[in-house]
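Enquirer: Structure file run.txt (compact mmCIF, C-alpha atoms and all ligand atoms) right here:
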# COMPACT_ATOMS: atom_id res chain seq x y z
CA MET K 17 22.59 -19.73 20.12
CA SER K 18 20.92 -16.33 19.87
CA GLU K 19 17.29 -15.94 20.96
CA PRO K 20 14.69 -16.35 18.20
CA ARG K 21 13.46 -13.12 16.67
CA VAL K 22 9.79 -14.14 16.65
CA GLU K 23 8.59 -16.68 19.17
CA ARG K 24 5.20 -18.26 19.87
CA ILE K 25 4.57 -17.95 23.62
CA ARG K 26 1.80 -18.10 26.20
CA PHE K 27 0.93 -14.74 27.68
CA ASN K 28 -1.69 -14.46 30.45
CA GLY K 29 -3.00 -17.88 29.46
CA ARG K 30 -3.34 -17.00 25.76
CA VAL K 31 -1.25 -17.85 22.73
CA ALA K 32 0.80 -14.80 21.71
CA TRP K 33 3.90 -13.85 19.71
CA ARG K 34 6.99 -12.19 21.15
CA LYS K 35 8.81 -10.19 18.52
CA ARG K 36 12.31 -8.84 19.16
CA TYR K 37 13.71 -6.18 16.87
CA GLY K 38 17.39 -6.56 16.11
CA ALA K 39 20.02 -4.85 13.98
CA PRO K 40 18.99 -4.78 10.31
CA GLU K 41 20.43 -7.67 8.33
CA ARG K 42 21.50 -7.92 4.72
CA ARG K 43 22.16 -4.19 4.30
CA VAL K 44 24.21 -4.73 1.15
CA ARG K 45 21.56 -6.91 -0.49
CA LEU K 46 18.86 -4.41 0.45
CA ALA K 47 20.90 -1.52 -0.96
CA ALA K 48 21.43 -3.49 -4.21
CA LEU K 49 17.69 -4.19 -4.51
CA ARG K 50 16.83 -0.55 -3.85
CA TRP K 51 19.29 0.50 -6.56
CA LEU K 52 17.87 -2.03 -9.03
CA ALA K 53 14.24 -1.02 -8.37
CA ARG K 54 15.18 2.65 -8.84
CA ARG K 55 17.05 1.91 -12.09
CA LEU K 56 14.02 -0.01 -13.38
CA GLY K 57 11.72 2.88 -12.52
CA ALA K 58 9.74 0.48 -10.29
CA SER K 59 9.21 2.96 -7.44
CA ALA K 60 6.62 0.70 -5.78
CA LEU K 61 9.32 -1.93 -5.27
CA ILE K 62 11.90 0.35 -3.64
CA ALA K 63 12.14 -1.10 -0.12
CA PRO K 64 12.10 1.40 2.74
CA PRO K 65 15.63 2.00 4.12
CA PRO K 66 16.77 -0.14 7.09
CA GLN K 67 15.82 1.04 10.58
CA ASP K 68 17.52 0.53 13.93
CA PRO K 69 15.73 -1.81 16.42
CA GLU K 70 13.92 1.02 18.31
CA GLN K 71 12.69 2.58 15.07
CA ALA K 72 11.46 -0.77 13.72
CA CYS K 73 9.58 -1.47 16.95
CA ARG K 74 8.05 2.03 16.93
CA THR K 75 7.06 1.68 13.27
CA GLU K 76 5.29 -1.62 13.95
CA ARG K 77 3.31 -0.06 16.81
CA GLU K 78 2.41 2.97 14.67
CA MET K 79 1.36 0.85 11.68
CA ILE K 80 -0.75 -1.40 13.97
CA ALA K 81 -2.43 1.66 15.54
CA ARG K 82 -3.11 3.24 12.14
CA LEU K 83 -4.60 0.07 10.66
CA ASP K 84 -6.62 -0.58 13.82
CA GLY K 85 -8.03 2.94 13.43
CA LEU K 86 -9.17 2.00 9.91
CA GLY K 87 -11.09 -0.96 11.34
CA VAL K 88 -8.69 -3.51 9.85
CA ARG K 89 -7.80 -6.78 11.64
CA VAL K 90 -4.33 -6.44 13.21
CA PRO K 91 -2.79 -7.94 16.38
CA GLU K 92 -3.35 -6.31 19.73
CA VAL K 93 -0.18 -5.07 21.45
CA LEU K 94 -0.26 -7.01 24.75
CA ALA K 95 3.07 -5.73 26.08
CA ALA K 96 5.66 -3.30 24.78
CA GLU K 97 9.30 -2.49 25.44
CA PRO K 98 11.63 -0.31 23.35
CA THR K 99 12.81 -3.21 21.17
CA GLU K 100 10.26 -5.92 21.93
CA LEU K 101 6.51 -6.43 21.53
CA VAL K 102 4.12 -9.15 22.63
CA LEU K 103 1.33 -9.43 20.06
CA SER K 104 -1.96 -11.32 20.21
CA ASP K 105 -2.28 -14.39 17.99
CA LEU K 106 -4.37 -13.90 14.85
CA GLY K 107 -4.30 -17.53 13.67
CA PRO K 108 -2.69 -19.40 10.76
CA THR K 109 -1.13 -17.48 7.91
CA LEU K 110 -2.54 -17.46 4.39
CA ALA K 111 0.71 -19.07 3.18
CA ILE K 112 0.25 -22.02 5.56
CA ARG K 113 -3.43 -22.37 4.69
CA CYS K 114 -2.62 -22.41 0.94
CA LYS K 115 0.25 -24.88 1.40
CA ASN K 116 -2.02 -27.28 3.30
CA GLU K 117 -4.98 -27.01 0.90
CA PRO K 118 -4.89 -29.72 -1.80
CA ASP K 119 -8.03 -28.55 -3.63
CA PRO K 120 -7.17 -25.84 -6.23
CA GLU K 121 -10.62 -24.23 -6.13
CA ARG K 122 -10.38 -23.86 -2.33
CA ARG K 123 -6.87 -22.43 -2.74
CA ALA K 124 -8.28 -19.97 -5.28
CA SER K 125 -10.95 -19.03 -2.76
CA LEU K 126 -8.32 -18.37 -0.04
CA ILE K 127 -6.31 -16.22 -2.48
CA ARG K 128 -9.46 -14.35 -3.49
CA SER K 129 -10.17 -13.56 0.18
CA GLY K 130 -6.68 -12.06 0.46
CA PHE K 131 -7.23 -9.91 -2.63
CA ALA K 132 -10.62 -8.79 -1.28
CA ALA K 133 -9.03 -7.84 2.05
CA LEU K 134 -6.40 -5.74 0.24
CA ARG K 135 -9.14 -4.04 -1.81
CA GLU K 136 -11.08 -3.17 1.36
CA LEU K 137 -7.89 -1.95 3.07
CA HIS K 138 -7.01 0.26 0.09
CA ALA K 139 -10.55 1.64 -0.15
CA ARG K 140 -10.09 2.83 3.46
CA GLY K 141 -6.80 4.53 2.56
CA GLY K 142 -4.58 1.86 4.17
CA TYR K 143 -1.45 0.05 3.04
CA LEU K 144 0.86 -2.62 4.51
CA SER K 145 4.59 -3.17 5.08
CA GLN K 146 5.12 -6.39 3.13
CA ALA K 147 1.87 -7.92 1.86
CA PHE K 148 3.28 -11.43 1.49
CA ALA K 149 0.98 -14.42 2.11
CA ARG K 150 3.13 -15.31 5.14
CA ASN K 151 2.31 -11.89 6.64
CA MET K 152 -1.46 -12.26 6.27
CA VAL K 153 -3.65 -14.54 8.36
CA ILE K 154 -6.98 -16.09 7.48
CA THR K 155 -9.56 -17.57 9.82
CA PRO K 156 -13.38 -17.76 9.79
CA GLU K 157 -13.32 -14.22 11.28
CA GLY K 158 -11.62 -12.95 8.13
CA VAL K 159 -8.22 -11.80 6.93
CA GLY K 160 -5.75 -10.09 9.25
CA PHE K 161 -2.37 -8.46 8.75
CA ILE K 162 0.92 -8.97 10.63
CA ASP K 163 4.61 -8.02 10.27
CA LEU K 164 4.18 -4.27 10.07
CA GLU K 165 7.65 -3.00 10.95
CA GLU K 166 8.23 -1.07 7.71
CA ASP K 167 6.41 2.05 6.57
CA PRO K 168 6.61 2.29 2.75
CA ARG K 169 5.00 5.76 2.91
CA THR K 170 8.34 7.09 4.19
CA THR K 171 9.70 6.59 0.65
CA MET K 172 6.72 6.45 -1.75
CA SER K 173 3.28 7.86 -2.52
CA LEU K 174 0.05 6.21 -1.30
CA PRO K 175 -0.79 4.77 -4.77
CA ALA K 176 2.74 3.32 -5.01
CA ALA K 177 2.46 1.80 -1.50
CA GLN K 178 -0.91 0.25 -2.39
CA ALA K 179 0.46 -1.03 -5.73
CA ARG K 180 3.36 -2.50 -3.75
CA ASP K 181 0.81 -4.44 -1.63
CA VAL K 182 -0.72 -5.98 -4.76
CA LEU K 183 2.70 -6.76 -6.31
CA LEU K 184 4.08 -8.43 -3.17
CA TYR K 185 0.83 -10.33 -2.72
CA VAL K 186 1.02 -11.57 -6.32
CA GLN K 187 4.67 -12.48 -5.90
CA SER K 188 3.83 -14.63 -2.89
CA THR K 189 0.55 -16.23 -4.06
CA ALA K 190 0.83 -16.90 -7.84
CA ARG K 191 2.81 -20.07 -7.00
CA PHE K 192 -0.20 -21.55 -5.19
CA LEU K 193 -2.20 -21.61 -8.44
CA ALA K 194 0.70 -22.53 -10.74
CA ASP K 195 -1.52 -25.37 -12.02
CA ARG K 196 -4.40 -22.92 -12.77
CA PRO K 197 -2.72 -19.81 -14.30
CA GLU K 198 -5.89 -18.63 -16.06
CA ARG K 199 -7.82 -18.81 -12.74
CA TYR K 200 -5.10 -16.73 -11.08
CA ALA K 201 -5.11 -14.17 -13.91
CA GLU K 202 -8.89 -13.84 -13.47
CA LEU K 203 -8.50 -13.06 -9.74
CA LEU K 204 -5.74 -10.56 -10.47
CA GLN K 205 -7.75 -8.84 -13.20
CA THR K 206 -10.68 -8.34 -10.83
CA GLN K 207 -8.27 -6.87 -8.30
CA VAL K 208 -6.60 -4.51 -10.76
CA ALA K 209 -9.99 -3.38 -12.10
CA THR K 210 -11.16 -2.34 -8.64
CA GLU K 211 -8.02 -0.50 -7.47
CA SER K 212 -7.84 3.28 -8.00
CA PRO K 213 -6.45 4.60 -11.34
CA GLY K 214 -3.19 5.69 -9.67
CA VAL K 215 -2.63 2.20 -8.24
CA ARG K 216 -3.45 0.58 -11.60
CA GLU K 217 -0.92 2.82 -13.29
CA GLU K 218 1.82 1.88 -10.80
CA ILE K 219 1.06 -1.84 -11.17
CA SER K 220 1.12 -1.70 -14.96
CA ARG K 221 4.38 0.28 -14.95
CA VAL K 222 6.13 -2.28 -12.74
CA ALA K 223 4.63 -5.21 -14.72
CA ARG K 224 5.98 -3.73 -17.96
CA ARG K 225 9.39 -2.95 -16.50
CA LEU K 226 9.80 -6.45 -15.11
CA ARG K 227 8.35 -8.42 -18.04
CA TRP K 228 11.77 -9.41 -19.38
CA LEU K 229 12.60 -11.09 -16.06
CA ALA K 230 10.02 -13.90 -16.37
CA PRO K 231 11.97 -16.27 -18.69
CA LEU K 232 15.16 -15.72 -16.66
CA ALA K 233 13.40 -16.20 -13.33
CA ALA K 234 11.88 -19.48 -14.55
CA LEU K 235 15.40 -20.92 -14.68
CA GLY K 236 16.23 -20.07 -11.07
CA GLY K 237 14.94 -22.89 -8.84
CA GLU K 238 11.71 -22.93 -6.84
CA ARG K 239 11.76 -19.25 -5.85
CA GLY K 240 12.66 -18.25 -9.40
CA ARG K 241 9.76 -20.24 -10.78
CA ALA K 242 7.39 -18.65 -8.28
CA LEU K 243 8.57 -15.20 -9.40
CA ALA K 244 8.19 -16.18 -13.09
CA GLN K 245 4.63 -17.32 -12.35
CA ALA K 246 3.83 -13.99 -10.72
CA LEU K 247 5.36 -12.00 -13.59
CA ARG K 248 3.41 -13.98 -16.19
CA ALA K 249 0.19 -13.35 -14.27
CA LEU K 250 1.01 -9.63 -14.22
CA ALA K 251 1.84 -9.61 -17.94
CA SER K 252 -1.52 -11.20 -18.68
CA VAL K 253 -3.34 -8.28 -17.08
CA GLY K 254 -1.28 -5.77 -19.09
CA ALA K 255 -3.98 -5.45 -21.74
CA VAL K 256 -6.71 -4.94 -19.15
CA VAL K 257 -4.65 -2.30 -17.39
CA LEU K 258 -4.16 -0.48 -20.67
CA TRP K 259 -7.85 -0.63 -21.41
CA LEU K 260 -8.66 0.75 -17.96
CA LEU K 261 -6.10 3.51 -18.49
CA LEU K 262 -7.88 4.46 -21.72
CA LEU K 263 -11.14 4.77 -19.81
CA GLY K 264 -9.61 6.40 -16.76
CA GLU K 265 -8.18 9.81 -16.00
CA GLN K 266 -4.71 8.71 -17.03
CA ALA K 267 -5.28 9.15 -20.79
CA ASP K 268 -2.05 11.16 -21.16
CA ASP K 269 -0.05 8.16 -20.12
CA VAL K 270 -1.60 5.85 -22.68
CA GLY K 271 0.82 6.89 -25.42
CA VAL K 272 3.75 6.17 -23.11
CA ALA K 273 2.19 2.85 -22.07
CA LEU K 274 1.75 1.82 -25.71
CA ILE K 275 5.34 2.67 -26.59
CA ASP K 276 6.55 0.75 -23.56
CA LEU K 277 4.46 -2.27 -24.53
CA MET K 278 5.87 -2.31 -28.06
CA PHE K 279 9.53 -2.48 -27.01
N1 LIG K 301 0.19 -11.96 15.70
C1 LIG K 301 0.48 -13.08 15.04
N2 LIG K 301 -0.50 -13.99 14.77
C2 LIG K 301 -0.21 -15.13 14.11
N3 LIG K 301 1.02 -15.47 13.68
C3 LIG K 301 2.04 -14.62 13.91
C4 LIG K 301 1.83 -13.39 14.59
N4 LIG K 301 3.00 -12.75 14.67
C5 LIG K 301 3.91 -13.54 14.08
N5 LIG K 301 3.37 -14.68 13.63
C6 LIG K 301 4.07 -15.80 12.94
O1 LIG K 301 5.47 -15.58 13.00
C7 LIG K 301 6.01 -15.37 11.70
C8 LIG K 301 7.08 -14.28 11.76
O2 LIG K 301 6.53 -13.08 12.28
P1 LIG K 301 6.66 -11.70 11.47
O3 LIG K 301 5.98 -10.63 12.25
O4 LIG K 301 6.16 -11.93 10.08
O5 LIG K 301 8.23 -11.43 11.51
P2 LIG K 301 9.38 -11.52 10.41
O6 LIG K 301 9.81 -10.11 10.22
O7 LIG K 301 10.40 -12.40 11.03
O8 LIG K 301 8.80 -12.11 9.13
C9 LIG K 301 4.81 -15.04 10.83
O9 LIG K 301 5.01 -15.35 9.47
C10 LIG K 301 3.72 -15.88 11.47
O10 LIG K 301 3.85 -17.23 11.07
MG MG K 302 7.05 -11.94 8.15
Please lay out the structure from this file as structure tokens.
Ligand SMILES: Nc1ncnc2c1ncn2[C@@H]1O[C@H](COP(=O)(O)OP(=O)(O)O)[C@@H](O)[C@H]1O
Ligand SMILES: [Mg+2]
Expert:
Amino acid sequence: MSEPRVERIRFNGRVAWRKRYGAPERRVRLAALRWLARRLGASALIAPPPQDPEQACRTEREMIARLDGLGVRVPEVLAAEPTELVLSDLGPTLAIRCKNEPDPERRASLIRSGFAALRELHARGGYLSQAFARNMVITPEGVGFIDLEEDPRTTMSLPAAQARDVLLYVQSTARFLADRPERYAELLQTQVATESPGVREEISRVARRLRWLAPLAALGGERGRALAQALRALASVGAVVLWLLLLGEQADDVGVALIDLMF
């Protein structure tokens, strides 16, 4: 059997994670998704192109250094080789914490902490690789970010990369409040309202472009239902986004937004 890609180890007496960067997988699927996102005009969802192992390892180190410079919680690089890193442990992921939390209000509170951490990150000019709940950690010290081997800024603007963070976060967390959709929509609205106008515009564009997917996604098993949940939450903030656009500097786009909403 091949060695695991990410492995929990002990390093100098501490818990740590050894991450090995291998050849990119699923190139065809990735190319298909990139094509689809481009066709839909959802630039924030166009995944960065695949990298070779050295590039991926270098990108993760660079992203960690950049985020560390912004004062954001990221792992410490304990050891480095061209295609391997040993990273300090940041604690349990947000996905695990949400899965193990039976109380919906406490789950909402965990999700709100994640949104708040993204807001703070964005206010400092930062962005992530893949802001899924499984790539964020949460402990009493706060929220931290892991899995930083992609740099979306190589293919998109800063507002698009920050919108991508919110969209991927929604895609991975809406399922945890499937029994409280109005509570989730409330959290998302607060988030959208506090992002910059450019980010709001990107989010609303993608939400509009993907609206038709929700009923189809709902048919497609557990992952499909999670996606449908996320898309419905996004659709419910559509009106708020439009209202914010009216107030914001993006007034020129309002006509386009209205036409898009009607069809
Ligand atoms: N520094 C870390 N602190 C805590 N957990 C980690 C850390 N690095 C990796 N993990 C765990 O390993 C999993 C996989 O690591 P990740 O960097 O996300 O690689 P992958 O690209 O395989 O998703 C994470 O979802 C998390 O559970
Ligand atoms: Mg990951």
Enquirer: Enumerate residues in contact with ligand MG 302 (chain K): an atom-to-atom distance of at most 10 Å, counting only C-alpha atoms and all ligand atoms. Format the result as a list in words.
Expert: Val22, Thr109, Ser145, Gln146, Ala147, Phe148, Ala149, Arg150, Asn151, Met152, Ile162, Asp163, Leu164 and Glu165 of chain K
Enquirer: Return the single residue from K:Ala223, K:Leu49, K:Leu86, K:Ile154 that is closest to Cys114 in chain K, with distances computed using only C-alpha atoms.
Expert: K:Ile154
Enquirer: Using all atoms listed in the file, determine which residues fall within 10 Å of ligand LIG 301 (chain K), then list them as a ChimeraX atom specification.
Expert: /K:20-24,31-37,76,90-93,101-112,146,148-154,160-166
Enquirer: So which one's closest to Leu134 in chain K, K:Gly158, K:Pro231, K:Gly237, K:Pro69? Using all atoms listed in the file, please.
Expert: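 Among the listed residues, K:Gly158 lies closest to Leu134 in chain K.
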Enquirer: K:Arg128, K:Arg135, K:Pro65, K:Ala251: which is nearest Ala209 in chain K, counting only C-alpha atoms?
Expert: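 Distance minimum relative to Ala209 in chain K lands on K:Arg135.
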Enquirer: Between CA of Ile219 in chain K and CA of Ala179 in chain K, what distance in Å does the model show, to one decimal?
Expert: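 Distance reported for this atom pair: 5.5 Å.
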Enquirer: Which is closest to Gln245 in chain K among K:Val215, K:Leu137, K:Leu226, K:Leu193, if we use all atoms listed in the file?
Expert: K:Leu193
Enquirer: Give, as JSON, the centre coordinates and the x, y and z edge lengths in Å to one decimal for an axis-aligned box around all listed atoms of range 33-47 of chain K, padded by 4 Å on each side.
Expert:
{"center_x": 14.1, "center_y": -7.7, "center_z": 10.1, "size_x": 28.3, "size_y": 20.3, "size_z": 30.1}
Enquirer: Using all atoms listed in the file, which residue out of K:Ala230, K:Ala244, K:Leu204, K:Ala176 lies closest to Gly57 in chain K?
Expert: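 Of all the options, K:Ala176 lies closest to Gly57 in chain K.
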Enquirer: What is the CA of Thr189 in chain K to CA of Ala139 in chain K distance in Å?
Expert: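 Separating CA of Thr189 in chain K from CA of Ala139 in chain K is a distance of 21.4 Å.
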Enquirer: Please output range 24-35 of chain K, rebuilt to include all heavy atoms, as an mmCIF file, keeping the file's coordinate frame.
Expert:
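The new file part-v6.cif reads:
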data_model
loop_
_atom_site.group_PDB
_atom_site.id
_atom_site.type_symbol
_atom_site.label_atom_id
_atom_site.label_comp_id
_atom_site.auth_asym_id
_atom_site.auth_seq_id
_atom_site.Cartn_x
_atom_site.Cartn_y
_atom_site.Cartn_z
ATOM 1 N N ARG K 24 6.584 -18.020 19.428
ATOM 2 C CA ARG K 24 5.200 -18.260 19.870
ATOM 3 C C ARG K 24 5.264 -18.534 21.376
ATOM 4 O O ARG K 24 6.012 -19.405 21.807
ATOM 5 C CB ARG K 24 4.671 -19.487 19.122
ATOM 6 C CG ARG K 24 3.203 -19.694 19.198
ATOM 7 C CD ARG K 24 2.833 -20.813 18.203
ATOM 8 N NE ARG K 24 1.398 -20.984 18.093
ATOM 9 C CZ ARG K 24 0.704 -21.793 18.871
ATOM 10 N NH1 ARG K 24 1.296 -22.504 19.804
ATOM 11 N NH2 ARG K 24 -0.613 -21.893 18.719
ATOM 12 N N ILE K 25 4.514 -17.794 22.163
ATOM 13 C CA ILE K 25 4.570 -17.950 23.620
ATOM 14 C C ILE K 25 3.152 -18.036 24.199
ATOM 15 O O ILE K 25 2.175 -17.896 23.457
ATOM 16 C CB ILE K 25 5.310 -16.747 24.291
ATOM 17 C CG1 ILE K 25 4.594 -15.427 23.958
ATOM 18 C CG2 ILE K 25 6.768 -16.685 23.850
ATOM 19 C CD1 ILE K 25 5.010 -14.250 24.827
ATOM 20 N N ARG K 26 3.080 -18.254 25.513
ATOM 21 C CA ARG K 26 1.800 -18.100 26.200
ATOM 22 C C ARG K 26 1.908 -16.833 27.041
ATOM 23 O O ARG K 26 2.907 -16.600 27.716
ATOM 24 C CB ARG K 26 1.511 -19.310 27.079
ATOM 25 C CG ARG K 26 1.118 -20.520 26.253
ATOM 26 C CD ARG K 26 0.364 -21.541 27.078
ATOM 27 N NE ARG K 26 -1.047 -21.204 27.266
ATOM 28 C CZ ARG K 26 -1.976 -21.440 26.344
ATOM 29 N NH1 ARG K 26 -1.672 -21.987 25.195
ATOM 30 N NH2 ARG K 26 -3.236 -21.135 26.585
ATOM 31 N N PHE K 27 0.895 -16.008 26.960
ATOM 32 C CA PHE K 27 0.930 -14.740 27.680
ATOM 33 C C PHE K 27 -0.431 -14.577 28.351
ATOM 34 O O PHE K 27 -1.456 -14.554 27.668
ATOM 35 C CB PHE K 27 1.206 -13.595 26.683
ATOM 36 C CG PHE K 27 1.436 -12.263 27.327
ATOM 37 C CD1 PHE K 27 2.701 -11.898 27.776
ATOM 38 C CD2 PHE K 27 0.370 -11.376 27.487
ATOM 39 C CE1 PHE K 27 2.911 -10.666 28.361
ATOM 40 C CE2 PHE K 27 0.576 -10.144 28.095
ATOM 41 C CZ PHE K 27 1.851 -9.781 28.524
ATOM 42 N N ASN K 28 -0.430 -14.506 29.683
ATOM 43 C CA ASN K 28 -1.690 -14.460 30.450
ATOM 44 C C ASN K 28 -2.678 -15.542 29.991
ATOM 45 O O ASN K 28 -3.853 -15.259 29.751
ATOM 46 C CB ASN K 28 -2.363 -13.081 30.311
ATOM 47 C CG ASN K 28 -1.533 -12.002 30.984
ATOM 48 O OD1 ASN K 28 -0.692 -12.302 31.840
ATOM 49 N ND2 ASN K 28 -1.754 -10.751 30.594
ATOM 50 N N GLY K 29 -2.144 -16.754 29.809
ATOM 51 C CA GLY K 29 -3.000 -17.880 29.460
ATOM 52 C C GLY K 29 -3.429 -17.935 28.003
ATOM 53 O O GLY K 29 -4.196 -18.817 27.623
ATOM 54 N N ARG K 30 -2.959 -17.002 27.181
ATOM 55 C CA ARG K 30 -3.340 -17.000 25.760
ATOM 56 C C ARG K 30 -2.115 -17.240 24.895
ATOM 57 O O ARG K 30 -1.002 -16.895 25.289
ATOM 58 C CB ARG K 30 -3.902 -15.631 25.342
ATOM 59 C CG ARG K 30 -5.196 -15.265 25.975
ATOM 60 C CD ARG K 30 -5.423 -13.758 25.904
ATOM 61 N NE ARG K 30 -5.555 -13.245 24.541
ATOM 62 C CZ ARG K 30 -5.741 -11.957 24.260
ATOM 63 N NH1 ARG K 30 -5.783 -11.067 25.230
ATOM 64 N NH2 ARG K 30 -5.855 -11.561 23.016
ATOM 65 N N VAL K 31 -2.344 -17.760 23.694
ATOM 66 C CA VAL K 31 -1.250 -17.850 22.730
ATOM 67 C C VAL K 31 -0.925 -16.430 22.270
ATOM 68 O O VAL K 31 -1.826 -15.614 22.059
ATOM 69 C CB VAL K 31 -1.661 -18.702 21.497
ATOM 70 C CG1 VAL K 31 -0.570 -18.673 20.426
ATOM 71 C CG2 VAL K 31 -1.958 -20.132 21.914
ATOM 72 N N ALA K 32 0.372 -16.137 22.170
ATOM 73 C CA ALA K 32 0.800 -14.800 21.710
ATOM 74 C C ALA K 32 2.152 -14.940 21.011
ATOM 75 O O ALA K 32 2.719 -16.033 20.956
ATOM 76 C CB ALA K 32 0.904 -13.859 22.907
ATOM 77 N N TRP K 33 2.620 -13.845 20.442
ATOM 78 C CA TRP K 33 3.900 -13.850 19.710
ATOM 79 C C TRP K 33 4.806 -12.771 20.278
ATOM 80 O O TRP K 33 4.404 -11.604 20.355
ATOM 81 C CB TRP K 33 3.652 -13.619 18.213
ATOM 82 C CG TRP K 33 2.875 -14.748 17.609
ATOM 83 C CD1 TRP K 33 1.512 -14.900 17.641
ATOM 84 C CD2 TRP K 33 3.395 -15.888 16.926
ATOM 85 N NE1 TRP K 33 1.152 -16.069 17.013
ATOM 86 C CE2 TRP K 33 2.290 -16.692 16.556
ATOM 87 C CE3 TRP K 33 4.681 -16.318 16.584
ATOM 88 C CZ2 TRP K 33 2.436 -17.895 15.868
ATOM 89 C CZ3 TRP K 33 4.816 -17.497 15.887
ATOM 90 C CH2 TRP K 33 3.707 -18.278 15.539
ATOM 91 N N ARG K 34 6.013 -13.179 20.688
ATOM 92 C CA ARG K 34 6.990 -12.190 21.150
ATOM 93 C C ARG K 34 7.913 -11.867 19.974
ATOM 94 O O ARG K 34 8.502 -12.765 19.373
ATOM 95 C CB ARG K 34 7.824 -12.724 22.319
ATOM 96 C CG ARG K 34 8.966 -11.756 22.662
ATOM 97 C CD ARG K 34 9.796 -12.190 23.833
ATOM 98 N NE ARG K 34 9.048 -12.053 25.059
ATOM 99 C CZ ARG K 34 8.942 -13.016 25.958
ATOM 100 N NH1 ARG K 34 9.526 -14.181 25.738
ATOM 101 N NH2 ARG K 34 8.254 -12.823 27.060
ATOM 102 N N LYS K 35 7.996 -10.609 19.662
ATOM 103 C CA LYS K 35 8.810 -10.190 18.520
ATOM 104 C C LYS K 35 9.912 -9.273 19.016
ATOM 105 O O LYS K 35 9.631 -8.252 19.648
ATOM 106 C CB LYS K 35 7.883 -9.474 17.514
ATOM 107 C CG LYS K 35 8.521 -9.249 16.165
ATOM 108 C CD LYS K 35 7.492 -8.922 15.093
ATOM 109 C CE LYS K 35 8.231 -8.583 13.813
ATOM 110 N NZ LYS K 35 7.358 -8.304 12.692
#
